[in-house]
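**Student:** Okay, so here is entry31.csv, and as you'll see once you scroll down, it has CSV, C-alpha atoms and all ligand atoms.
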chain,number,residue,atom,x,y,z
H,1,MET,CA,-18.4,-19.8,2.3
H,2,VAL,CA,-21.6,-17.8,2.1
H,3,ALA,CA,-24.8,-19.4,3.4
H,4,ILE,CA,-27.3,-16.7,2.3
H,5,GLU,CA,-26.8,-14.1,-0.5
H,6,THR,CA,-29.4,-11.8,-1.9
H,7,ASP,CA,-28.9,-9.7,-5.0
H,8,SER,CA,-31.2,-6.6,-5.3
H,9,LEU,CA,-34.0,-8.7,-3.9
H,10,GLU,CA,-37.4,-7.1,-4.1
H,11,ARG,CA,-41.0,-7.9,-3.2
H,12,ARG,CA,-44.0,-5.7,-3.9
H,13,PHE,CA,-47.5,-6.4,-2.8
H,14,GLY,CA,-49.5,-4.1,-5.1
H,15,SER,CA,-48.3,-0.6,-4.2
H,16,VAL,CA,-46.6,-1.8,-1.0
H,17,ARG,CA,-42.8,-2.2,-1.3
H,18,ALA,CA,-42.3,-4.9,1.3
H,19,VAL,CA,-38.6,-5.5,0.4
H,20,GLU,CA,-36.5,-3.3,-1.8
H,21,GLU,CA,-33.0,-3.6,-3.4
H,22,LEU,CA,-31.9,-6.0,-0.6
H,23,ASP,CA,-28.2,-7.0,-0.8
H,24,LEU,CA,-27.4,-9.3,2.1
H,25,GLU,CA,-24.6,-11.8,2.8
H,26,VAL,CA,-24.6,-14.2,5.7
H,27,ASP,CA,-21.5,-16.4,6.1
H,28,GLU,CA,-21.6,-20.0,7.1
H,29,GLY,CA,-21.3,-20.5,10.8
H,30,GLU,CA,-22.6,-17.0,11.6
H,31,VAL,CA,-25.4,-16.0,13.9
H,32,PHE,CA,-27.1,-13.2,12.1
H,33,GLY,CA,-29.8,-11.1,13.7
H,34,PHE,CA,-32.4,-9.6,11.4
H,35,LEU,CA,-34.1,-6.6,13.0
H,36,GLY,CA,-36.6,-4.0,12.2
H,37,PRO,CA,-39.9,-2.5,13.4
H,38,ASN,CA,-43.2,-4.1,12.5
H,39,GLY,CA,-43.8,-4.2,8.8
H,40,ALA,CA,-40.2,-3.5,7.9
H,41,GLY,CA,-40.0,-6.6,5.6
H,42,LYS,CA,-38.3,-9.2,7.7
H,43,SER,CA,-40.9,-12.0,7.3
H,44,THR,CA,-41.3,-11.2,3.6
H,45,THR,CA,-37.5,-11.6,3.2
H,46,ILE,CA,-37.5,-14.9,5.2
H,47,ASN,CA,-40.4,-16.2,3.0
H,48,MET,CA,-38.4,-15.3,-0.1
H,49,LEU,CA,-35.4,-17.1,1.2
H,50,LEU,CA,-37.5,-20.2,1.7
H,51,GLY,CA,-39.3,-20.0,-1.6
H,52,PHE,CA,-42.7,-19.4,0.0
H,53,VAL,CA,-43.0,-16.0,-1.7
H,54,PRO,CA,-41.5,-15.3,-5.1
H,55,PRO,CA,-39.5,-12.1,-5.5
H,56,THR,CA,-40.8,-9.5,-7.9
H,57,ALA,CA,-37.2,-8.7,-8.8
H,58,GLY,CA,-33.7,-9.8,-7.9
H,59,SER,CA,-32.6,-13.1,-6.5
H,60,ALA,CA,-31.6,-15.0,-3.4
H,61,THR,CA,-29.2,-17.9,-3.0
H,62,VAL,CA,-29.4,-20.1,0.0
H,63,LEU,CA,-26.8,-22.8,0.7
H,64,GLY,CA,-25.8,-22.5,-3.0
H,65,HIS,CA,-29.4,-23.0,-4.3
H,66,ASP,CA,-31.6,-20.4,-6.0
H,67,ALA,CA,-34.3,-19.8,-3.4
H,68,ALA,CA,-37.1,-19.3,-5.9
H,69,THR,CA,-36.4,-22.3,-8.2
H,70,GLU,CA,-34.7,-24.7,-5.9
H,71,SER,CA,-36.7,-24.2,-2.7
H,72,LEU,CA,-37.2,-27.9,-2.0
H,73,ALA,CA,-33.4,-28.3,-1.8
H,74,VAL,CA,-33.1,-25.3,0.4
H,75,ARG,CA,-35.8,-26.5,2.8
H,76,GLN,CA,-34.3,-30.0,3.0
H,77,ARG,CA,-31.2,-28.5,4.4
H,78,THR,CA,-32.8,-25.8,6.5
H,79,GLY,CA,-34.6,-25.9,9.8
H,80,VAL,CA,-37.4,-23.3,9.9
H,81,LEU,CA,-39.2,-21.8,12.8
H,82,PRO,CA,-42.0,-19.9,11.1
H,83,GLU,CA,-43.6,-16.7,12.5
H,84,ASP,CA,-47.1,-18.2,12.6
H,85,PHE,CA,-46.6,-21.8,13.5
H,86,GLY,CA,-49.9,-23.7,13.8
H,87,VAL,CA,-49.9,-27.0,15.6
H,88,TYR,CA,-52.0,-30.1,14.7
H,89,GLU,CA,-54.3,-29.9,17.6
H,90,ARG,CA,-54.9,-33.7,17.9
H,91,LEU,CA,-51.3,-34.8,17.4
H,92,THR,CA,-48.9,-35.4,20.3
H,93,ALA,CA,-45.7,-33.4,20.6
H,94,ARG,CA,-43.7,-36.6,19.7
H,95,LYS,CA,-45.8,-37.1,16.5
H,96,HIS,CA,-45.1,-33.5,15.5
H,97,VAL,CA,-41.3,-34.0,15.9
H,98,ARG,CA,-41.5,-37.5,14.3
H,99,PHE,CA,-43.2,-35.8,11.3
H,100,ALA,CA,-40.4,-33.2,11.0
H,101,ILE,CA,-37.7,-35.9,11.2
H,102,ASP,CA,-39.4,-38.0,8.5
H,103,CYS,CA,-39.8,-35.0,6.2
H,104,LYS,CA,-36.0,-34.5,6.5
H,105,GLY,CA,-35.4,-38.2,6.0
H,106,ALA,CA,-33.3,-38.0,9.2
H,107,GLY,CA,-32.7,-40.5,12.0
H,108,ASP,CA,-33.0,-38.3,15.1
H,109,ASP,CA,-34.7,-39.5,18.3
H,110,PRO,CA,-37.9,-37.4,18.8
H,111,ASP,CA,-37.6,-37.6,22.6
H,112,ALA,CA,-34.0,-36.3,22.5
H,113,LEU,CA,-35.2,-33.3,20.5
H,114,LEU,CA,-38.1,-32.7,22.8
H,115,SER,CA,-35.8,-33.0,25.8
H,116,ARG,CA,-33.5,-30.3,24.3
H,117,VAL,CA,-36.4,-27.8,24.2
H,118,GLY,CA,-37.7,-28.7,27.6
H,119,LEU,CA,-40.7,-30.7,26.5
H,120,ALA,CA,-39.6,-34.2,27.5
H,121,ASP,CA,-42.5,-34.5,30.0
H,122,ALA,CA,-45.1,-33.4,27.4
H,123,ALA,CA,-44.1,-35.8,24.7
H,124,ASP,CA,-47.3,-37.8,24.9
H,125,ARG,CA,-49.6,-34.8,25.2
H,126,LYS,CA,-51.7,-33.4,22.4
H,127,ALA,CA,-50.3,-30.1,21.1
H,128,GLY,CA,-53.8,-28.6,21.0
H,129,GLY,CA,-53.6,-28.2,24.8
H,130,PHE,CA,-50.2,-26.5,24.7
H,131,SER,CA,-49.5,-23.0,25.9
H,132,THR,CA,-48.0,-20.4,23.6
H,133,GLY,CA,-44.5,-21.0,24.9
H,134,MET,CA,-44.9,-24.8,24.6
H,135,ARG,CA,-46.0,-24.4,21.0
H,136,GLN,CA,-43.0,-22.3,20.3
H,137,ARG,CA,-40.7,-24.8,22.0
H,138,LEU,CA,-42.3,-27.6,19.9
H,139,ALA,CA,-41.8,-25.6,16.7
H,140,PHE,CA,-38.1,-25.1,17.7
H,141,ALA,CA,-37.7,-28.9,18.2
H,142,MET,CA,-39.1,-29.5,14.8
H,143,ALA,CA,-36.7,-26.9,13.3
H,144,LEU,CA,-33.8,-28.8,14.8
H,145,ALA,CA,-34.7,-32.1,13.1
H,146,GLY,CA,-32.1,-33.5,10.8
H,147,GLU,CA,-29.2,-31.3,12.0
H,148,PRO,CA,-29.9,-28.6,9.5
H,149,GLU,CA,-27.0,-26.6,8.0
H,150,LEU,CA,-29.1,-23.4,8.3
H,151,LEU,CA,-31.6,-22.4,10.9
H,152,ILE,CA,-34.1,-19.7,9.9
H,153,LEU,CA,-36.0,-18.6,13.0
H,154,ASP,CA,-38.7,-16.0,12.8
H,155,GLU,CA,-39.1,-14.4,16.2
H,156,PRO,CA,-37.9,-17.5,18.0
H,157,SER,CA,-38.3,-16.2,21.5
H,158,SER,CA,-41.9,-14.9,21.1
H,159,GLY,CA,-44.0,-16.4,23.8
H,160,LEU,CA,-41.1,-17.8,25.7
H,161,ASP,CA,-40.5,-17.0,29.4
H,162,PRO,CA,-37.0,-15.8,30.4
H,163,ASN,CA,-35.9,-19.4,31.1
H,164,GLY,CA,-37.2,-20.4,27.7
H,165,ALA,CA,-35.4,-17.5,26.0
H,166,ARG,CA,-32.1,-18.5,27.8
H,167,GLU,CA,-32.5,-22.1,26.8
H,168,MET,CA,-33.2,-21.1,23.2
H,169,ARG,CA,-29.9,-19.0,23.2
H,170,GLU,CA,-28.0,-22.0,24.6
H,171,ILE,CA,-29.4,-24.3,21.8
H,172,VAL,CA,-28.5,-21.7,19.2
H,173,ARG,CA,-24.9,-21.7,20.5
H,174,GLU,CA,-24.8,-25.5,20.4
H,175,GLU,CA,-26.1,-25.5,16.9
H,176,VAL,CA,-23.4,-23.0,15.8
H,177,ASP,CA,-20.7,-25.1,17.5
H,178,ARG,CA,-22.0,-28.0,15.4
H,179,GLY,CA,-21.3,-25.9,12.3
H,180,ALA,CA,-24.8,-24.5,11.6
H,181,THR,CA,-25.6,-21.0,10.4
H,182,VAL,CA,-28.4,-19.2,12.3
H,183,PHE,CA,-30.5,-16.4,10.7
H,184,PHE,CA,-33.2,-15.1,13.0
H,185,SER,CA,-35.5,-12.1,13.3
H,186,SER,CA,-36.2,-10.6,16.6
H,187,HIS,CA,-37.6,-7.6,18.4
H,188,ILE,CA,-35.9,-8.5,21.6
H,189,MET,CA,-32.7,-6.6,21.7
H,190,GLU,CA,-31.1,-8.4,24.7
H,191,GLN,CA,-31.6,-11.6,22.9
H,192,VAL,CA,-29.9,-10.3,19.8
H,193,GLU,CA,-27.1,-8.7,21.7
H,194,ALA,CA,-26.4,-11.9,23.6
H,195,ILE,CA,-26.0,-14.2,20.6
H,196,CYS,CA,-25.5,-12.4,17.3
H,197,ASP,CA,-22.2,-12.0,15.4
H,198,ARG,CA,-23.8,-9.4,13.1
H,199,VAL,CA,-27.1,-7.7,12.7
H,200,GLY,CA,-29.0,-6.4,9.7
H,201,VAL,CA,-31.5,-3.7,10.4
H,202,MET,CA,-34.5,-3.3,8.0
H,203,ARG,CA,-36.7,-0.2,7.8
H,204,GLU,CA,-39.5,0.3,5.3
H,205,GLY,CA,-38.3,-2.6,3.2
H,206,ARG,CA,-34.7,-1.4,3.0
H,207,LEU,CA,-31.6,-2.6,4.8
H,208,VAL,CA,-30.4,0.5,6.7
H,209,ALA,CA,-27.5,-1.1,8.5
H,210,CYS,CA,-25.5,-4.3,8.5
H,211,ASP,CA,-22.6,-4.9,10.7
H,212,SER,CA,-21.4,-6.2,14.1
H,213,ILE,CA,-23.1,-4.5,17.0
H,214,ALA,CA,-19.8,-3.1,18.2
H,215,SER,CA,-19.1,-1.5,14.9
H,216,LEU,CA,-22.6,-0.1,14.6
H,217,LYS,CA,-22.2,1.4,18.1
H,218,ARG,CA,-18.9,2.9,17.1
H,219,ASP,CA,-20.0,4.3,13.7
H,220,LEU,CA,-23.4,5.5,14.6
H,221,ASP,CA,-23.4,8.7,16.7
H,222,VAL,CA,-25.8,7.5,19.4
H,223,ASP,CA,-25.8,9.4,22.6
H,224,SER,CA,-24.3,8.1,25.8
H,225,ARG,CA,-25.5,9.5,29.1
H,226,LEU,CA,-23.8,11.1,32.1
H,227,VAL,CA,-25.8,11.1,35.3
H,228,VAL,CA,-24.6,13.4,38.0
H,229,GLU,CA,-26.1,13.5,41.5
H,230,VAL,CA,-25.7,16.8,43.2
H,231,ASP,CA,-26.5,18.3,46.6
H,232,ARG,CA,-28.4,21.1,44.9
H,233,VAL,CA,-29.2,22.0,41.3
H,234,PRO,CA,-27.3,25.2,40.4
H,235,GLU,CA,-29.2,27.9,38.7
H,236,GLY,CA,-28.6,28.2,34.9
H,237,ILE,CA,-26.8,24.8,34.8
H,238,ARG,CA,-29.1,23.5,32.0
H,239,GLU,CA,-28.1,26.4,29.7
H,240,GLU,CA,-24.4,26.1,30.6
H,241,LEU,CA,-24.4,22.4,29.8
H,242,LEU,CA,-26.4,22.8,26.5
H,243,ALA,CA,-23.8,25.3,25.4
H,244,LEU,CA,-21.0,22.7,25.6
H,245,GLU,CA,-20.0,20.9,22.4
H,246,GLY,CA,-21.7,17.5,21.9
H,247,VAL,CA,-24.4,18.0,24.6
H,248,SER,CA,-27.7,17.2,22.9
H,249,ALA,CA,-30.1,17.2,25.9
H,250,VAL,CA,-30.1,17.9,29.6
H,251,ARG,CA,-32.7,16.5,32.0
H,252,ILE,CA,-32.9,17.7,35.6
H,253,ASP,CA,-34.8,15.8,38.1
H,254,ASP,CA,-34.7,16.1,41.9
H,255,GLY,CA,-31.0,16.4,42.6
H,256,GLU,CA,-30.0,14.5,39.4
H,257,ILE,CA,-28.6,16.0,36.3
H,258,GLU,CA,-28.7,13.7,33.2
H,259,VAL,CA,-26.6,14.9,30.2
H,260,ALA,CA,-27.0,13.2,26.8
H,261,LEU,CA,-23.7,13.4,24.9
H,262,SER,CA,-22.9,12.6,21.3
H,263,ARG,CA,-19.5,11.3,20.4
H,264,ALA,CA,-18.1,14.8,20.1
H,265,GLY,CA,-19.2,15.5,23.7
H,266,ARG,CA,-16.7,15.1,26.6
H,267,LYS,CA,-18.0,13.8,29.9
H,268,THR,CA,-15.2,15.6,31.8
H,269,ALA,CA,-16.3,18.9,30.4
H,270,ALA,CA,-19.8,18.4,31.5
H,271,LEU,CA,-18.7,17.3,35.0
H,272,ASP,CA,-16.4,20.3,35.2
H,273,ALA,CA,-19.3,22.6,34.4
H,274,VAL,CA,-21.4,21.1,37.2
H,275,GLU,CA,-18.6,21.4,39.7
H,276,ARG,CA,-17.7,25.0,38.6
H,277,SER,CA,-21.2,26.0,39.2
H,278,GLY,CA,-20.8,25.4,42.9
H,279,ALA,CA,-22.7,22.2,43.3
H,280,ALA,CA,-21.2,19.3,45.3
H,281,VAL,CA,-21.1,16.2,43.2
H,282,GLU,CA,-22.3,13.2,45.2
H,283,ASP,CA,-22.3,10.5,42.6
H,284,VAL,CA,-21.5,10.1,38.9
H,285,SER,CA,-22.4,7.3,36.6
H,286,THR,CA,-22.4,6.8,32.8
H,287,GLU,CA,-24.6,4.8,30.5
H,288,GLU,CA,-23.3,3.7,27.1
H,289,PRO,CA,-25.8,3.4,24.2
H,290,SER,CA,-27.6,0.1,24.2
H,291,LEU,CA,-28.6,-1.9,21.1
H,292,GLU,CA,-32.1,-0.5,21.9
H,293,ASP,CA,-30.8,3.1,21.5
H,294,LEU,CA,-29.1,2.0,18.3
H,295,PHE,CA,-32.3,0.4,16.9
H,296,GLU,CA,-34.2,3.5,17.8
H,297,ALA,CA,-31.7,5.7,16.0
H,298,LEU,CA,-31.7,3.6,12.9
H,299,THR,CA,-35.4,3.1,12.6
H,300,THR,CA,-37.0,6.3,13.7
H,301,GLU,CA,-34.7,9.2,12.8
H,302,SER,CA,-34.7,11.1,9.5
H,303,GLU,CA,-36.3,9.8,6.3
H,304,VAL,CA,-35.2,6.8,4.4
H,305,ALA,CA,-33.7,7.6,1.1
H,306,PRO,CA,-36.1,7.1,-1.8
L,401,LIG,N1,-49.3,-11.2,1.6
L,401,LIG,C1,-49.2,-9.9,1.7
L,401,LIG,N2,-50.1,-9.1,1.1
L,401,LIG,C2,-50.0,-7.8,1.1
L,401,LIG,N3,-49.1,-7.1,1.9
L,401,LIG,C3,-48.2,-7.8,2.6
L,401,LIG,C4,-48.2,-9.3,2.5
L,401,LIG,N4,-47.2,-9.7,3.3
L,401,LIG,C5,-46.6,-8.6,3.8
L,401,LIG,N5,-47.2,-7.5,3.3
L,401,LIG,C6,-46.8,-6.1,3.7
L,401,LIG,O1,-45.4,-6.0,3.5
L,401,LIG,C7,-44.8,-5.2,4.5
L,401,LIG,C8,-43.7,-6.0,5.2
L,401,LIG,O2,-44.3,-7.0,6.0
L,401,LIG,P1,-43.5,-8.1,6.8
L,401,LIG,O3,-44.5,-9.1,7.3
L,401,LIG,O4,-42.4,-8.6,5.9
L,401,LIG,O5,-42.8,-7.2,8.0
L,401,LIG,P2,-42.1,-7.7,9.3
L,401,LIG,O6,-40.8,-6.9,9.3
L,401,LIG,O7,-41.9,-9.2,9.3
L,401,LIG,O8,-43.1,-7.2,10.4
L,401,LIG,P3,-43.4,-7.9,11.9
L,401,LIG,O9,-42.2,-7.5,12.7
L,401,LIG,O10,-44.6,-7.1,12.2
L,401,LIG,O11,-43.6,-9.3,11.7
L,401,LIG,C9,-45.9,-4.7,5.4
L,401,LIG,O12,-46.4,-3.5,4.9
L,401,LIG,C10,-47.0,-5.8,5.1
L,401,LIG,O13,-48.3,-5.3,5.3
If you took the structure in this file and wrote it as structure tokens, what would it be?
**Tutor:**
Amino acid sequence: MVAIETDSLERRFGSVRAVEELDLEVDEGEVFGFLGPNGAGKSTTINMLLGFVPPTAGSATVLGHDAATESLAVRQRTGVLPEDFGVYERLTARKHVRFAIDCKGAGDDPDALLSRVGLADAADRKAGGFSTGMRQRLAFAMALAGEPELLILDEPSSGLDPNGAREMREIVREEVDRGATVFFSSHIMEQVEAICDRVGVMREGRLVACDSIASLKRDLDVDSRLVVEVDRVPEGIREELLALEGVSAVRIDDGEIEVALSRAGRKTAALDAVERSGAAVEDVSTEEPSLEDLFEALTTESEVAP
């Protein structure tokens, strides 16, 4: 079953095309990471999925409901962590969570939810005195109220320390084990890599990639790196390496030769070239492309099609 489906979804703000021709499908039970640089259209998409912003064209269906005309039904079954969550300064953490539970007509124990996000000891404190990370945890507890079928989290780890980010990942896993679908936007690649089944990458309002991270790495020709430590840097080695097929860059730095290789490049050929040139190889290591490299390749190279 499909949890989220958009059909040529579009939103313009005057002359700004915030989201264009977006066709997206997220299956039930999936953890879907929604990525893209600042201003790429992630929040606008999320706001359209929740019915906060009407599309200027196209449509979105969330949990079987039209996002624009049946947004109440969507929000009743969805837990939302908004990008700009503002607390009620005078209300305690428990009252915030109680409010979220009541809105959903659910029967959760507010203290159990606060405990899940690490705020058990702060239940009676007014949220106005909370730190950024505590506010984020509180928003997360509110999103979890009523065991939602779908969690939409806009930058869930913003403001969280590494422990908080890890705890958030654990809760996401627990929620998926319970049967929930998780759709979240993030700039933190490690976070995304650790928990997502698939990612969609937005750029200038368009979806430029949508697949599992493994498939994206396989299909996209992102450079891997070979790092060779040598006793001395042979003369002319840079030119020799650059002449090899698939070598896109060579960096030489104090006894270390770093070779960037595309998929067509062969690490053994580069290593042979270094050895043939008379240098003694003292150490060799390789670095495969990270999600960060992938993100960079998808969002900074060549122009987006009009
Ligand atoms: N209410 C609005 N009025 C005018 N322009 C808007 C509005 N909301 C968003 N935009 C524009 O739409 C584009 C997409 O913005 P959006 O907030 O969706 O990006 P984002 O991917 O969520 O960015 P970030 O990672 O910085 O949160 C931007 O150019 C933004 O300025």
**Student:** Quick one: everything within 8 Å of Ala67 of chain H, counting all atoms listed in the file, minus sequence neighbours fewer than 3 positions away in the same chain. Send it as an MDAnalysis selection string.
**Tutor:** chainID H and resid 48:51 59:62 70:71 74
**Student:** Since we have the selection now, will you write its residues out, keeping C-alpha atoms, as a PDB file, in the coordinates of the input?
**Tutor:**
ATOM      1  CA  MET H  48     -38.400 -15.300  -0.100  1.00  0.00           C
ATOM      2  CA  LEU H  49     -35.400 -17.100   1.200  1.00  0.00           C
ATOM      3  CA  LEU H  50     -37.500 -20.200   1.700  1.00  0.00           C
ATOM      4  CA  GLY H  51     -39.300 -20.000  -1.600  1.00  0.00           C
ATOM      5  CA  SER H  59     -32.600 -13.100  -6.500  1.00  0.00           C
ATOM      6  CA  ALA H  60     -31.600 -15.000  -3.400  1.00  0.00           C
ATOM      7  CA  THR H  61     -29.200 -17.900  -3.000  1.00  0.00           C
ATOM      8  CA  VAL H  62     -29.400 -20.100   0.000  1.00  0.00           C
ATOM      9  CA  GLU H  70     -34.700 -24.700  -5.900  1.00  0.00           C
ATOM     10  CA  SER H  71     -36.700 -24.200  -2.700  1.00  0.00           C
ATOM     11  CA  VAL H  74     -33.100 -25.300   0.400  1.00  0.00           C
TER      12      VAL H  74
END
**Student:** Go through H:Gln76, H:Ser212, H:Ser131, H:Gln191 one by one, measure the shortest atom-to-atom distance of each to Glu149 of chain H using all atoms listed in the file, and give the residue with the smallest value.
**Tutor:**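 Going through H:Gln76, H:Ser212, H:Ser131, H:Gln191 one by one, the smallest distance to Glu149 of chain H is for H:Gln76.
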**Student:** What's around Arg198 of chain H at 7 Å? Count all atoms listed in the file, leave out sequence neighbours fewer than 5 positions away in its own chain, and write the answer as a PyMOL selection string.
**Tutor:** chain H and resi 31-33+211-213
**Student:** May I have the residues within 9 Å of ligand LIG 401 (chain L), computed using only C-alpha atoms and all ligand atoms, as a VMD selection string?
**Tutor:** chain H and resid 11 to 19 35 to 47 53 83 154 to 155 185 to 187 202 to 205
**Student:** What separation in Å, quoted to one decimal, exists between atom CA of Gly146 of chain H and atom CA of Ala100 of chain H?
**Tutor:**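 Between atom CA of Gly146 of chain H and atom CA of Ala100 of chain H the gap is 8.3 Å.
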